[in-house]
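Have a look at the structure below before the remarks.
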Amino acid sequence: MNYWLAKSEPEEYSIDDLKKDKVCHWDGVRNYQARNYMREMQKGDLVLFYHSNAAPPGVAGVMKVVKIAYPDPSQFDKKDKHFDPKSTGDNPRWFCPDLKFERKFKQFISLSELRNTKGLEKLPLLQRGSRLSVHPVSKREFEIIVGMGT
DNA sequence: GCCAACGTTGGC
DNA sequence: GCCAACGTTGGC
C-alpha cells in the first residue's frame, strides 16, 4: 500500500467535481516522471488531492486508486488539448489511472500550513521549485496531513 | 499578470 | 552531448 499526492487546478477539475463524478480518469499528465509514478500506483493506494493555482493552494481531500494506469485516451484525440501527435496506439507515451472520491477534508489544508508543519519538511511538494504534479508521500506524511484535515 | 524554476526541443 | 531558446507550472 502506497501513498501519493496529485495536483489539479480546481478551475479545471476540483475535488467537488470528483465528488459529483465519484470516479475520474486522472488524464492529461504530460510529464515523464509523473507518468512513471502513476504507473507505480496500485489498486487501493490512497492519493491526496492537491488544488494548485488556487487561492489558497492546498490539500482538499483523499482519493483511492481503483484502476491501475492504462493508455491515456486524450493523447489520441486530435481535438483534445493534451493531444500528442508523437504517441501511437502501438506505443502510447502517456498513461492514467482511475481515481475514486474517498473524502473531502473538513478542514482544507493550505500550502502555508503544510510548510509550517513539523514532519513534512521532506514532502516533495514543499521542496524548492518542485513542479511535479504526481509524487509519492510517505505513510507518516500521509497520516500527518490526513490528521490535519479531519 | 509577473516571474522563477524547471522540462523539452532542436541546432550544432 | 551541449546548451540556448522556448514553453509550462504554479506561487504570489
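A note on labels: chains of the C-alpha cells are A, B, ... as shown, every chain counts residues from 1, and ligands are counted from 1 in their shown order.
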
Contacts from chain B to chain A, 12 Å maximum, only C-alpha atoms (C1' of nucleotides): show me the residue list as a PDB file with C-alpha atoms (C1' of nucleotides), in the first residue's frame.
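result.pdb was written with the following content:
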```pdb
ATOM      1  C1'  DA B   4      11.455  31.913 -11.086  1.00  0.00           C
ATOM      2  C1'  DA B   5      12.211  27.248 -11.727  1.00  0.00           C
ATOM      3  C1'  DC B   6      12.124  23.606 -14.392  1.00  0.00           C
ATOM      4  C1'  DG B   7      11.367  20.451 -18.639  1.00  0.00           C
ATOM      5  C1'  DT B   8      11.685  19.867 -23.583  1.00  0.00           C
TER       6       DT B   8
END
```

Long-range neighbours of DC2 (chain B) as a list of chain:residue names, 12 Å cut-off, only C-alpha atoms (C1' of nucleotides), 4 positions minimum in chain: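 Final neighbour list, sorted by chain and number: C:DG10, C:DG11, C:DC12.
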
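The residues of region 94-143 of chain A that DSSP assigns to helix (DSSP H, G or I) on this backbone come out as Leu111, Ser112, Glu113, Leu114, Arg115, Pro124, Leu125, Leu126, Lys139, Arg140, Glu141, Phe142 and Glu143 of chain A.
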
Nearest to Arg140 (chain A), chosen from A:Phe108, A:Tyr13, A:Tyr3, A:Trp94, with only C-alpha atoms counted in the distances: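 Under the stated criterion, the closest residue is A:Tyr3.
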
Distance of CA of Arg35 (chain A) from CA of Lys122 (chain A), expressed in Å to one decimal place: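 Between CA of Lys122 (chain A) and CA of Arg35 (chain A) the gap works out to 21.1 Å.
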
Residue set, region 32-135 of chain A restricted to strand (DSSP E or B), as a ChimeraX atom specification: /A:46-51,58-71,95-110,134-135

Distance query Met38 (chain A) at most 10 Å, only C-alpha atoms (C1' of nucleotides), self and fewer than 6 positions along chain excluded, as a VMD selection string: chain A and resid 4 6 26 29 32 65 68 to 70 94 to 97 134 to 136

Selection to disk with C-alpha atoms, as an mmCIF file, in the first residue's frame:
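And here's part_10.cif as it stands now:
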```cif
data_model
loop_
_atom_site.group_PDB
_atom_site.id
_atom_site.type_symbol
_atom_site.label_atom_id
_atom_site.label_comp_id
_atom_site.auth_asym_id
_atom_site.auth_seq_id
_atom_site.Cartn_x
_atom_site.Cartn_y
_atom_site.Cartn_z
ATOM 1 C CA TRP A 4 0.662 9.712 -3.313
ATOM 2 C CA ALA A 6 -1.683 14.535 -7.237
ATOM 3 C CA TRP A 26 -6.541 11.184 -13.988
ATOM 4 C CA VAL A 29 -0.448 14.414 -17.268
ATOM 5 C CA TYR A 32 7.585 11.630 -17.674
ATOM 6 C CA VAL A 65 -6.795 4.166 -6.946
ATOM 7 C CA ILE A 68 -4.134 0.937 -12.483
ATOM 8 C CA ALA A 69 -2.661 3.113 -15.217
ATOM 9 C CA TYR A 70 -3.688 2.413 -18.827
ATOM 10 C CA TRP A 94 1.044 8.666 -21.605
ATOM 11 C CA PHE A 95 -0.904 6.728 -19.031
ATOM 12 C CA CYS A 96 -3.588 7.485 -16.500
ATOM 13 C CA PRO A 97 -5.121 5.631 -13.558
ATOM 14 C CA VAL A 134 2.209 13.473 -9.124
ATOM 15 C CA HIS A 135 4.591 12.209 -6.482
ATOM 16 C CA PRO A 136 4.857 9.743 -3.611
#
```

d(CA of Ser74 (chain A), CA of Phe101 (chain A)) in Å: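 That distance, rounded to one decimal, is 21.2 Å.
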
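Interatomic distance, CA of Asp45 (chain A) against CA of Asn2 (chain A): 5.2 Å.
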